[in-house]
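Reproduced below: coords08.csv, with CSV, C-alpha atoms.
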```csv
chain,number,residue,atom,x,y,z
A,1,MET,CA,38.4,-4.1,34.7
A,2,ALA,CA,36.9,-4.4,38.2
A,3,ASN,CA,33.4,-4.3,39.5
A,4,ILE,CA,33.7,-1.9,42.5
A,5,ALA,CA,31.1,-0.9,45.1
A,6,ILE,CA,31.7,2.1,47.4
A,7,LEU,CA,29.6,2.1,50.5
A,8,PHE,CA,28.6,5.2,52.5
A,9,PRO,CA,26.6,5.5,55.7
A,10,ALA,CA,24.8,8.3,53.9
A,11,TYR,CA,25.4,10.2,50.7
A,12,ALA,CA,24.9,13.9,50.9
A,13,GLY,CA,27.6,15.4,48.7
A,14,GLY,CA,30.2,15.8,51.5
A,15,GLY,CA,34.0,15.6,51.3
A,16,ALA,CA,34.2,11.8,51.3
A,17,GLU,CA,31.5,11.5,48.6
A,18,ASN,CA,33.3,14.1,46.5
A,19,VAL,CA,36.6,12.2,46.7
A,20,ALA,CA,34.9,9.0,45.6
A,21,ILE,CA,33.2,10.7,42.6
A,22,THR,CA,36.4,12.6,41.6
A,23,VAL,CA,38.4,9.4,41.6
A,24,GLY,CA,35.5,7.2,40.4
A,25,ASP,CA,35.0,9.3,37.2
A,26,MET,CA,38.6,8.6,36.3
A,27,LEU,CA,38.4,4.9,37.2
A,28,MET,CA,35.5,4.5,34.8
A,29,SER,CA,36.8,6.7,32.0
A,30,ARG,CA,40.5,5.9,32.1
A,31,TYR,CA,40.6,2.3,33.4
A,32,GLY,CA,37.2,0.9,32.4
A,33,HIS,CA,36.1,0.0,36.0
A,34,LYS,CA,32.4,-0.3,36.8
A,35,ILE,CA,31.5,1.7,40.0
A,36,HIS,CA,28.5,1.2,42.2
A,37,ILE,CA,27.5,3.8,44.9
A,38,TRP,CA,25.7,2.3,47.8
A,39,ALA,CA,24.3,4.2,50.9
A,40,SER,CA,21.8,3.7,53.7
A,41,ARG,CA,20.3,6.9,52.4
A,42,ILE,CA,21.0,9.3,49.6
A,43,ALA,CA,20.1,13.0,49.6
A,44,GLN,CA,17.5,14.2,47.1
A,45,GLY,CA,18.9,14.9,43.7
A,46,PHE,CA,22.1,12.8,43.9
A,47,GLU,CA,20.6,9.5,42.6
A,48,ASP,CA,19.8,11.0,39.2
A,49,SER,CA,23.0,12.9,38.9
A,50,LEU,CA,25.1,9.8,39.8
A,51,SER,CA,23.1,7.6,37.4
A,52,ALA,CA,23.6,10.1,34.6
A,53,LYS,CA,27.4,9.9,35.1
A,54,GLY,CA,27.3,6.1,34.7
A,55,TYR,CA,27.3,5.0,38.4
A,56,GLN,CA,25.1,2.1,39.5
A,57,VAL,CA,23.3,3.5,42.5
A,58,GLU,CA,21.7,1.6,45.4
A,59,ASN,CA,19.7,3.7,47.9
A,60,PHE,CA,19.0,1.3,50.8
A,61,ALA,CA,16.2,3.6,52.1
A,62,ARG,CA,14.1,2.6,49.0
A,63,SER,CA,13.8,-0.9,50.3
A,64,PHE,CA,14.2,-0.7,54.0
A,65,LYS,CA,15.2,1.7,56.8
A,66,ALA,CA,18.2,0.7,58.8
A,67,ARG,CA,21.4,2.3,60.1
A,68,ILE,CA,24.8,1.3,58.9
A,69,HIS,CA,25.6,-0.6,62.1
A,70,GLU,CA,22.5,-2.8,62.2
A,71,PRO,CA,22.9,-6.6,61.4
A,72,ARG,CA,20.3,-6.5,58.6
A,73,THR,CA,22.3,-3.8,56.9
A,74,SER,CA,25.3,-6.1,56.7
A,75,ARG,CA,23.1,-8.9,55.4
A,76,HIS,CA,21.7,-6.5,52.7
A,77,ILE,CA,25.2,-5.5,51.7
A,78,ALA,CA,26.2,-9.2,51.4
A,79,ASP,CA,23.2,-9.8,49.2
A,80,LEU,CA,24.1,-6.9,46.9
A,81,VAL,CA,27.7,-8.1,46.7
A,82,HIS,CA,26.5,-11.5,45.4
A,83,SER,CA,23.8,-10.1,43.1
A,84,HIS,CA,26.1,-7.6,41.4
A,85,ASP,CA,29.1,-9.8,41.4
A,86,ILE,CA,31.3,-7.3,43.2
A,87,ASP,CA,35.1,-7.7,43.0
A,88,VAL,CA,36.0,-5.0,45.5
A,89,LEU,CA,33.9,-3.5,48.3
A,90,ILE,CA,35.2,-0.1,49.6
A,91,ILE,CA,33.6,0.8,52.9
A,92,SER,CA,34.0,4.5,53.2
A,93,VAL,CA,33.9,6.8,56.3
A,94,ASN,CA,32.3,4.6,58.9
A,95,ALA,CA,32.8,1.0,60.0
A,96,VAL,CA,29.8,-1.3,59.4
A,97,GLY,CA,28.2,-3.2,62.2
A,98,CYS,CA,28.5,-7.0,62.4
A,99,ALA,CA,31.7,-6.8,60.3
A,100,HIS,CA,32.6,-10.5,60.8
A,101,GLU,CA,29.2,-11.6,59.7
A,102,LEU,CA,29.6,-9.5,56.6
A,103,ARG,CA,33.0,-11.1,55.8
A,104,ARG,CA,31.6,-14.6,56.3
A,105,SER,CA,28.6,-13.9,54.1
A,106,ILE,CA,30.5,-12.9,51.0
A,107,SER,CA,32.9,-14.8,48.8
A,108,PRO,CA,36.6,-14.5,49.7
A,109,ARG,CA,37.1,-13.4,46.1
A,110,CYS,CA,35.4,-10.1,46.9
A,111,LYS,CA,38.1,-8.0,48.5
A,112,ILE,CA,37.1,-5.5,51.3
A,113,VAL,CA,38.8,-2.1,51.6
A,114,PHE,CA,38.1,0.1,54.6
A,115,HIS,CA,38.7,3.8,53.6
A,116,LEU,CA,39.0,6.0,56.7
A,117,HIS,CA,38.4,9.6,55.9
A,118,GLY,CA,39.4,11.0,59.2
A,119,THR,CA,41.8,10.6,62.1
A,120,PRO,CA,41.5,7.2,63.8
A,121,MET,CA,39.0,7.4,66.6
A,122,TRP,CA,37.5,10.7,65.3
A,123,GLU,CA,34.1,9.3,66.3
A,124,LEU,CA,35.0,9.6,70.0
A,125,GLN,CA,35.7,13.3,69.8
A,126,ASP,CA,32.7,13.8,67.6
A,127,ALA,CA,30.3,12.0,70.0
A,128,LEU,CA,31.5,13.9,73.0
A,129,THR,CA,31.6,17.3,71.2
A,130,LYS,CA,28.1,16.9,69.9
A,131,ARG,CA,26.8,16.2,73.5
A,132,ALA,CA,28.7,19.3,74.7
A,133,VAL,CA,27.1,21.4,72.0
A,134,ALA,CA,23.6,20.0,72.9
A,135,ALA,CA,24.3,20.8,76.5
A,136,ASP,CA,24.9,24.4,75.6
A,137,LYS,CA,21.5,24.9,73.9
A,138,PRO,CA,18.8,26.6,76.0
A,139,LEU,CA,16.0,24.2,75.1
A,140,LYS,CA,16.1,21.0,77.0
A,141,LYS,CA,19.4,22.2,78.6
A,142,LEU,CA,19.0,20.2,81.8
A,143,ALA,CA,18.5,16.9,80.1
A,144,ALA,CA,21.3,17.6,77.6
A,145,ASN,CA,23.7,18.6,80.4
A,146,PHE,CA,22.9,15.4,82.3
A,147,LYS,CA,23.6,13.3,79.1
A,148,TYR,CA,26.8,15.2,78.5
A,149,ALA,CA,28.0,14.8,82.1
A,150,SER,CA,27.0,11.1,82.1
A,151,ALA,CA,28.8,10.5,78.8
A,152,THR,CA,32.0,12.3,80.0
A,153,ILE,CA,32.0,10.4,83.3
A,154,ARG,CA,31.5,7.0,81.6
A,155,GLU,CA,34.3,7.8,79.2
A,156,SER,CA,36.7,9.0,81.9
A,157,LEU,CA,36.1,6.1,84.3
A,158,LEU,CA,35.1,3.2,82.0
A,159,HIS,CA,36.3,4.3,78.6
A,160,SER,CA,33.0,3.1,77.3
A,161,TYR,CA,33.1,5.2,74.1
A,162,SER,CA,36.7,4.4,73.4
A,163,LYS,CA,36.2,0.7,73.8
A,164,ARG,CA,33.1,0.7,71.5
A,165,PHE,CA,34.9,2.6,68.7
A,166,GLU,CA,38.2,0.7,69.2
A,167,ARG,CA,36.3,-2.6,68.8
A,168,ARG,CA,34.8,-1.4,65.5
A,169,TYR,CA,38.2,-0.4,64.2
A,170,ARG,CA,39.7,-3.8,65.3
A,171,ASP,CA,36.8,-5.6,63.6
A,172,MET,CA,37.2,-3.7,60.4
A,173,PHE,CA,41.0,-4.3,60.4
A,174,ASP,CA,40.3,-8.0,60.9
A,175,ILE,CA,37.9,-8.4,57.9
A,176,SER,CA,39.6,-5.9,55.5
A,177,ASP,CA,42.1,-6.9,52.8
A,178,SER,CA,43.4,-3.4,52.8
A,179,TYR,CA,42.9,-0.4,55.2
A,180,TRP,CA,43.4,3.0,53.6
A,181,LEU,CA,44.3,6.1,55.7
A,182,LEU,CA,44.8,9.7,54.6
A,183,CYS,CA,48.4,10.2,55.8
A,184,GLN,CA,51.3,8.5,57.5
A,185,GLY,CA,50.5,10.1,60.8
A,186,TYR,CA,47.1,8.4,60.8
A,187,ALA,CA,48.7,5.1,59.7
A,188,ASP,CA,51.1,5.2,62.7
A,189,ARG,CA,48.2,6.2,65.0
A,190,LEU,CA,46.1,3.2,63.8
A,191,ALA,CA,49.0,0.8,64.2
A,192,ARG,CA,49.5,2.0,67.8
A,193,LEU,CA,45.7,1.7,68.5
A,194,LEU,CA,45.5,-1.9,67.3
A,195,GLY,CA,49.0,-3.0,68.4
A,196,VAL,CA,50.3,-3.9,64.9
A,197,GLU,CA,53.4,-2.8,63.0
A,198,SER,CA,53.0,0.4,61.1
A,199,ASP,CA,54.4,-1.4,58.0
A,200,ASN,CA,51.6,-4.0,58.2
A,201,PRO,CA,50.8,-4.8,54.5
A,202,LYS,CA,47.1,-4.1,55.1
A,203,ILE,CA,47.8,-0.5,56.0
A,204,LYS,CA,48.1,1.9,53.0
A,205,VAL,CA,48.3,5.7,52.9
A,206,MET,CA,45.8,6.9,50.4
A,207,PRO,CA,45.7,10.8,50.2
A,208,ASN,CA,42.6,12.6,48.9
A,209,PRO,CA,42.8,14.2,45.5
A,210,ALA,CA,42.6,17.8,44.7
A,211,ASP,CA,41.7,19.5,41.4
A,212,THR,CA,45.2,21.1,41.1
A,213,GLY,CA,44.8,21.6,37.4
A,214,ARG,CA,41.8,23.9,38.1
A,215,PHE,CA,43.4,25.8,41.0
A,216,MET,CA,47.1,26.2,40.1
A,217,PRO,CA,46.5,28.9,37.5
A,218,LEU,CA,45.0,31.0,40.2
A,219,ALA,CA,48.4,31.3,42.0
A,220,ASN,CA,49.5,33.7,39.2
A,221,CYS,CA,46.6,36.1,39.9
A,222,GLU,CA,47.1,39.3,41.9
A,223,LYS,CA,46.5,38.7,45.6
A,224,LYS,CA,44.6,41.3,47.6
A,225,LYS,CA,44.4,42.0,51.2
A,226,GLU,CA,41.8,39.4,51.8
A,227,VAL,CA,41.6,36.7,54.5
A,228,LEU,CA,39.4,33.7,53.6
A,229,PHE,CA,37.5,30.9,55.3
A,230,VAL,CA,36.0,28.1,53.2
A,231,GLY,CA,33.9,25.3,54.7
A,232,ARG,CA,30.8,24.2,56.6
A,233,LEU,CA,29.5,26.6,59.2
A,234,THR,CA,29.1,24.0,62.0
A,235,TYR,CA,30.1,24.4,65.6
A,236,ALA,CA,31.1,20.9,66.6
A,237,ASP,CA,34.0,20.7,64.2
A,238,LYS,CA,34.7,23.9,62.3
A,239,ARG,CA,34.5,26.4,65.2
A,240,VAL,CA,34.3,29.5,63.1
A,241,ASP,CA,33.4,31.4,66.2
A,242,ARG,CA,37.1,31.2,67.1
A,243,LEU,CA,37.9,32.9,63.9
A,244,LEU,CA,35.5,35.8,64.5
A,245,ARG,CA,37.0,36.5,67.9
A,246,ILE,CA,40.5,36.3,66.4
A,247,TRP,CA,39.5,38.7,63.6
A,248,ALA,CA,38.1,41.1,66.2
A,249,GLU,CA,41.7,41.5,67.4
A,250,VAL,CA,43.6,41.3,64.1
A,251,SER,CA,41.3,43.7,62.2
A,252,LYS,CA,42.1,46.5,64.7
A,253,GLN,CA,45.7,46.3,63.6
A,254,ASN,CA,45.0,45.6,60.0
A,255,PRO,CA,42.0,47.8,59.0
A,256,ASP,CA,42.8,47.6,55.3
A,257,TRP,CA,42.3,43.8,55.3
A,258,SER,CA,38.9,42.0,54.9
A,259,LEU,CA,37.6,38.6,56.0
A,260,HIS,CA,35.5,36.5,53.7
A,261,ILE,CA,33.4,33.6,55.0
A,262,VAL,CA,32.5,31.2,52.1
A,263,GLY,CA,30.2,28.4,53.2
A,264,ASP,CA,26.9,27.7,54.9
A,265,GLY,CA,25.6,25.6,57.7
A,266,LYS,CA,23.5,25.4,60.9
A,267,ASP,CA,25.8,27.7,62.8
A,268,ARG,CA,25.5,30.6,60.4
A,269,PRO,CA,22.8,32.6,62.3
A,270,ASN,CA,24.9,32.3,65.5
A,271,LEU,CA,28.0,33.4,63.7
A,272,GLU,CA,26.3,36.4,62.1
A,273,LYS,CA,24.9,37.3,65.6
A,274,LEU,CA,28.4,37.0,67.1
A,275,ALA,CA,29.9,39.2,64.3
A,276,GLY,CA,27.4,41.9,65.3
A,277,GLU,CA,28.1,41.6,69.0
A,278,LEU,CA,31.8,41.9,68.3
A,279,ALA,CA,31.1,44.9,66.0
A,280,LEU,CA,33.3,43.3,63.3
A,281,LYS,CA,34.1,45.4,60.2
A,282,ASN,CA,35.3,44.3,56.8
A,283,ILE,CA,33.6,40.9,57.1
A,284,THR,CA,31.3,39.3,54.5
A,285,PHE,CA,29.3,36.1,54.8
A,286,HIS,CA,29.0,34.8,51.2
A,287,GLY,CA,27.1,31.6,51.8
A,288,TYR,CA,27.7,28.5,49.8
A,289,ARG,CA,29.4,29.2,46.5
A,290,ASP,CA,32.3,28.2,44.2
A,291,PRO,CA,35.4,29.2,46.2
A,292,ALA,CA,37.6,29.6,43.1
A,293,PRO,CA,37.0,33.3,42.7
A,294,HIS,CA,37.9,33.8,46.3
A,295,TYR,CA,41.1,31.7,46.0
A,296,GLU,CA,42.0,33.9,43.1
A,297,SER,CA,42.1,37.1,45.1
A,298,ALA,CA,42.8,36.0,48.7
A,299,SER,CA,46.2,36.1,50.3
A,300,VAL,CA,45.6,34.0,53.5
A,301,LEU,CA,43.2,31.2,54.4
A,302,CYS,CA,42.2,30.6,58.0
A,303,MET,CA,41.1,27.3,59.6
A,304,THR,CA,40.1,27.1,63.3
A,305,SER,CA,38.7,23.6,63.4
A,306,THR,CA,38.7,21.3,66.5
A,307,PHE,CA,39.3,18.3,64.3
A,308,GLU,CA,39.8,17.6,60.6
A,309,GLY,CA,40.7,14.5,58.5
A,310,TRP,CA,42.6,15.6,55.4
A,311,PRO,CA,41.2,19.1,54.8
A,312,GLN,CA,41.0,19.6,51.0
A,313,VAL,CA,40.6,23.3,51.5
A,314,LEU,CA,44.2,23.5,52.6
A,315,VAL,CA,45.5,21.8,49.5
A,316,GLU,CA,43.1,23.8,47.3
A,317,ALA,CA,44.3,27.1,48.9
A,318,MET,CA,48.0,26.2,48.5
A,319,SER,CA,47.4,25.2,44.8
A,320,SER,CA,45.9,28.7,44.4
A,321,GLY,CA,48.8,30.5,46.0
A,322,VAL,CA,46.8,31.2,49.2
A,323,VAL,CA,48.8,30.8,52.4
A,324,PRO,CA,47.0,28.8,55.2
A,325,ILE,CA,47.1,29.2,58.9
A,326,ALA,CA,45.4,26.7,61.2
A,327,PHE,CA,45.3,25.1,64.6
A,328,GLY,CA,47.4,21.9,64.5
A,329,CYS,CA,44.4,19.9,65.5
A,330,THR,CA,45.3,16.6,63.8
A,331,ASP,CA,48.2,14.8,62.0
A,332,GLY,CA,46.6,15.6,58.7
A,333,VAL,CA,46.7,19.3,59.2
A,334,ARG,CA,50.2,19.2,60.6
A,335,GLU,CA,51.4,17.1,57.7
A,336,ILE,CA,49.9,19.4,55.0
A,337,LEU,CA,51.2,22.6,56.6
A,338,GLY,CA,54.6,21.2,57.8
A,339,ASP,CA,58.0,22.1,56.6
A,340,GLY,CA,57.2,25.8,56.5
A,341,ARG,CA,54.4,25.5,54.0
A,342,GLY,CA,51.8,27.1,56.4
A,343,VAL,CA,51.5,28.5,59.9
A,344,LEU,CA,50.6,26.0,62.6
A,345,VAL,CA,49.2,27.2,66.0
A,346,GLU,CA,49.0,24.6,68.8
A,347,GLY,CA,46.6,24.3,71.7
A,348,PHE,CA,43.6,26.2,70.3
A,349,ASP,CA,45.2,29.4,71.8
A,350,GLU,CA,43.2,32.2,70.1
A,351,LYS,CA,45.6,34.9,71.2
A,352,ALA,CA,48.6,33.1,69.8
A,353,TYR,CA,46.6,32.5,66.6
A,354,ALA,CA,45.8,36.2,66.4
A,355,ALA,CA,49.4,37.2,66.9
A,356,GLU,CA,50.6,34.7,64.1
A,357,LEU,CA,47.9,35.9,61.7
A,358,HIS,CA,48.9,39.5,62.3
A,359,ARG,CA,52.5,38.7,61.6
A,360,LEU,CA,51.5,36.8,58.5
A,361,LEU,CA,49.5,39.7,57.1
A,362,GLN,CA,52.4,42.1,57.6
A,363,ASP,CA,55.0,39.8,56.0
A,364,ARG,CA,54.5,40.1,52.3
A,365,GLN,CA,58.0,38.6,51.6
A,366,GLY,CA,57.2,35.6,53.8
A,367,LEU,CA,53.9,35.0,52.0
A,368,GLU,CA,55.8,34.9,48.7
A,369,GLN,CA,58.4,32.5,50.1
A,370,ARG,CA,55.7,30.1,51.2
A,371,ARG,CA,53.9,30.3,47.9
A,372,ALA,CA,57.1,29.2,46.1
A,373,LEU,CA,56.8,25.9,47.9
A,374,TYR,CA,53.3,25.0,46.8
A,375,PRO,CA,53.4,23.9,43.1
A,376,ALA,CA,55.7,20.9,43.7
A,377,TYR,CA,53.9,19.9,46.9
A,378,ALA,CA,50.4,20.2,45.5
A,379,ALA,CA,51.2,18.3,42.3
A,380,GLN,CA,51.3,14.9,44.2
A,381,PHE,CA,47.6,15.3,45.0
A,382,ASP,CA,46.5,15.7,41.3
A,383,CYS,CA,43.3,13.8,40.6
A,384,GLY,CA,45.0,11.7,37.9
A,385,THR,CA,47.8,10.7,40.3
A,386,ILE,CA,45.4,9.6,43.1
A,387,ALA,CA,43.2,7.8,40.6
A,388,GLU,CA,46.2,5.8,39.4
A,389,LEU,CA,47.0,5.0,43.0
A,390,TRP,CA,43.5,3.6,43.5
A,391,HIS,CA,43.7,1.6,40.3
A,392,GLU,CA,47.1,0.1,41.2
A,393,SER,CA,45.9,-0.8,44.7
A,394,ILE,CA,42.7,-2.4,43.5
A,395,SER,CA,44.6,-4.3,40.8
A,396,LEU,CA,47.0,-5.6,43.4
A,397,LEU,CA,44.2,-6.7,45.6
A,398,MET,CA,42.5,-8.6,42.8
A,399,GLY,CA,45.7,-10.3,41.7
A,400,PRO,CA,47.1,-11.0,38.2
A,401,HIS,CA,44.9,-14.0,37.6
A,402,SER,CA,41.6,-12.7,39.1
A,403,ALA,CA,38.6,-13.8,37.1
A,404,ARG,CA,35.1,-12.2,36.8
A,405,ASN,CA,33.3,-15.5,36.7
A,406,ASP,CA,34.8,-17.7,39.4
A,407,CYS,CA,31.9,-17.4,41.9
```
Would you kindly transcribe this structure into structure tokens?
Amino acid sequence: MANIAILFPAYAGGGAENVAITVGDMLMSRYGHKIHIWASRIAQGFEDSLSAKGYQVENFARSFKARIHEPRTSRHIADLVHSHDIDVLIISVNAVGCAHELRRSISPRCKIVFHLHGTPMWELQDALTKRAVAADKPLKKLAANFKYASATIRESLLHSYSKRFERRYRDMFDISDSYWLLCQGYADRLARLLGVESDNPKIKVMPNPADTGRFMPLANCEKKKEVLFVGRLTYADKRVDRLLRIWAEVSKQNPDWSLHIVGDGKDRPNLEKLAGELALKNITFHGYRDPAPHYESASVLCMTSTFEGWPQVLVEAMSSGVVPIAFGCTDGVREILGDGRGVLVEGFDEKAYAAELHRLLQDRQGLEQRRALYPAYAAQFDCGTIAELWHESISLLMGPHSARNDC
């Protein structure tokens, strides 16, 4: 049994948090581990629900306000490691600030894992994209445009953002006993970034789990002429506006097909307005809801993101017998949809995407051939399989003679 703390910059029920809880439930029930959830802030309602499930919860915002990169946050984490006698600290999503100070402040017996839930250097694209989005807003547009132009120039000439994020990655690699990435493509990318061998023993591929047991039965259901999107409605990353423009072309040739948007977010009003301007037909915005009923009936799932880590929605869709099409924006997307499992469109070319989607909707035999590939592929991401991988990795880090009382 291990005493494990999982650290988040913020806990709001997103993908990384859901992965941790999906695996954490099994680590506690199946292997007897004790799990702590720590975050600089936790959204309302989650503390009670986590505590009720047996997690030890620490919301930093209750004692002080500080961001994950601040020195006092690292000192607070070190104090918690000591007071709770933590065996393994899993730092999830974001690198912490003052990483070396954190490592020096805690016992070597406490092993540190950095669990990256995206493509290496995703923060660079995220930072520049958010500034671009802000520059496109009418309010304070002049100031936002100046900030975006300034940031772009600094990155182009001085690589200021790249250097900052690369330094954080290097620091986290230095202090970590194990560095988990979502797929082999990301592991190779990290190795190139840091100038280490891709088979470095610290680097470990740790895919995200999917509830395949829940979704696989849906593959046997009758599939209708429905195209599906599942995810947050946010502009910086998901770019559902692309899908609406694509659908404007595809729906003309396929009037008997419908598009279903399942999800919510800040960009929903803009997307609904765009749908009206494009005079789209056979489209429904469902808001946030359980996607399972939609996986049950949909034939095709569309993803038009600018960047993704390891999009669970693709594995869920495939488990349900829904064929995905996506822009090949990252190694994770390309790895999931490779070997003919899905349709990949390169270069964010909306016309090429529309042409591929049209061909997919017309090729019923091709849809069935792709579906036949899914059961064997999706099974490797079963929750129990991934929980066992976590357990084995943690046990290996602690070693065969690790003791709970040697500090």
| request: Considering all atoms listed in the file, state which residue in the set A:Ala317, A:Leu116, A:Cys110, A:Ala275 is at the smallest distance from A:Gly399. | output: A:Cys110
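With all atoms listed in the file as the atoms that count, the minimum distance from A:Ser395 to the choices A:Leu102, A:Val343, A:Leu27, A:Leu274 is reached by A:Leu27.
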| query | Near A:Gly263, counting all atoms listed in the file, which residues have an atom at most 12 Å away, once you skip same-chain residues fewer than 6 positions from it, shown as a PyMOL selection string? | reply | chain A and resi 228-234+238+240+271+284-291+294+313
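Between A:Ala210 and the residues A:Ala12, A:Leu243, A:Leu278, A:Ile386, the shortest atom-to-atom distance, using only C-alpha atoms, involves A:Ile386.
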| said: Env of stretch 173-186 of chain A: 7 Å cut, atoms = all atoms listed in the file, seq-sep filter 2 positions within chain, self excluded. Answer as number ranges by chain. | reply: A: 99-100, 103, 111-117, 119-120, 169-171, 188-190, 202-208, 310, 331-332
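Taking atom CA of A:Ala10 and atom CA of A:Ala387 as endpoints, the distance between them is 22.7 Å.
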| said: One decimal, in Å: what's the spacing between atom CA of A:Gly14 and atom CA of A:Gly213? | reply: 21.1 Å
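Atom CA of A:Ile68 sits 18.4 Å away from atom CA of A:Ala20.
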| request: Mind checking which residues fall within 12 Å of A:Ile77, counting all atoms listed in the file, ignoring those fewer than 6 positions away in the same chain, and posting them as a PyMOL selection string? | output: chain A and resi 5-9+37-40+58-60+66+68-71+83-86+89-91+96-99+101-103+105-106+112
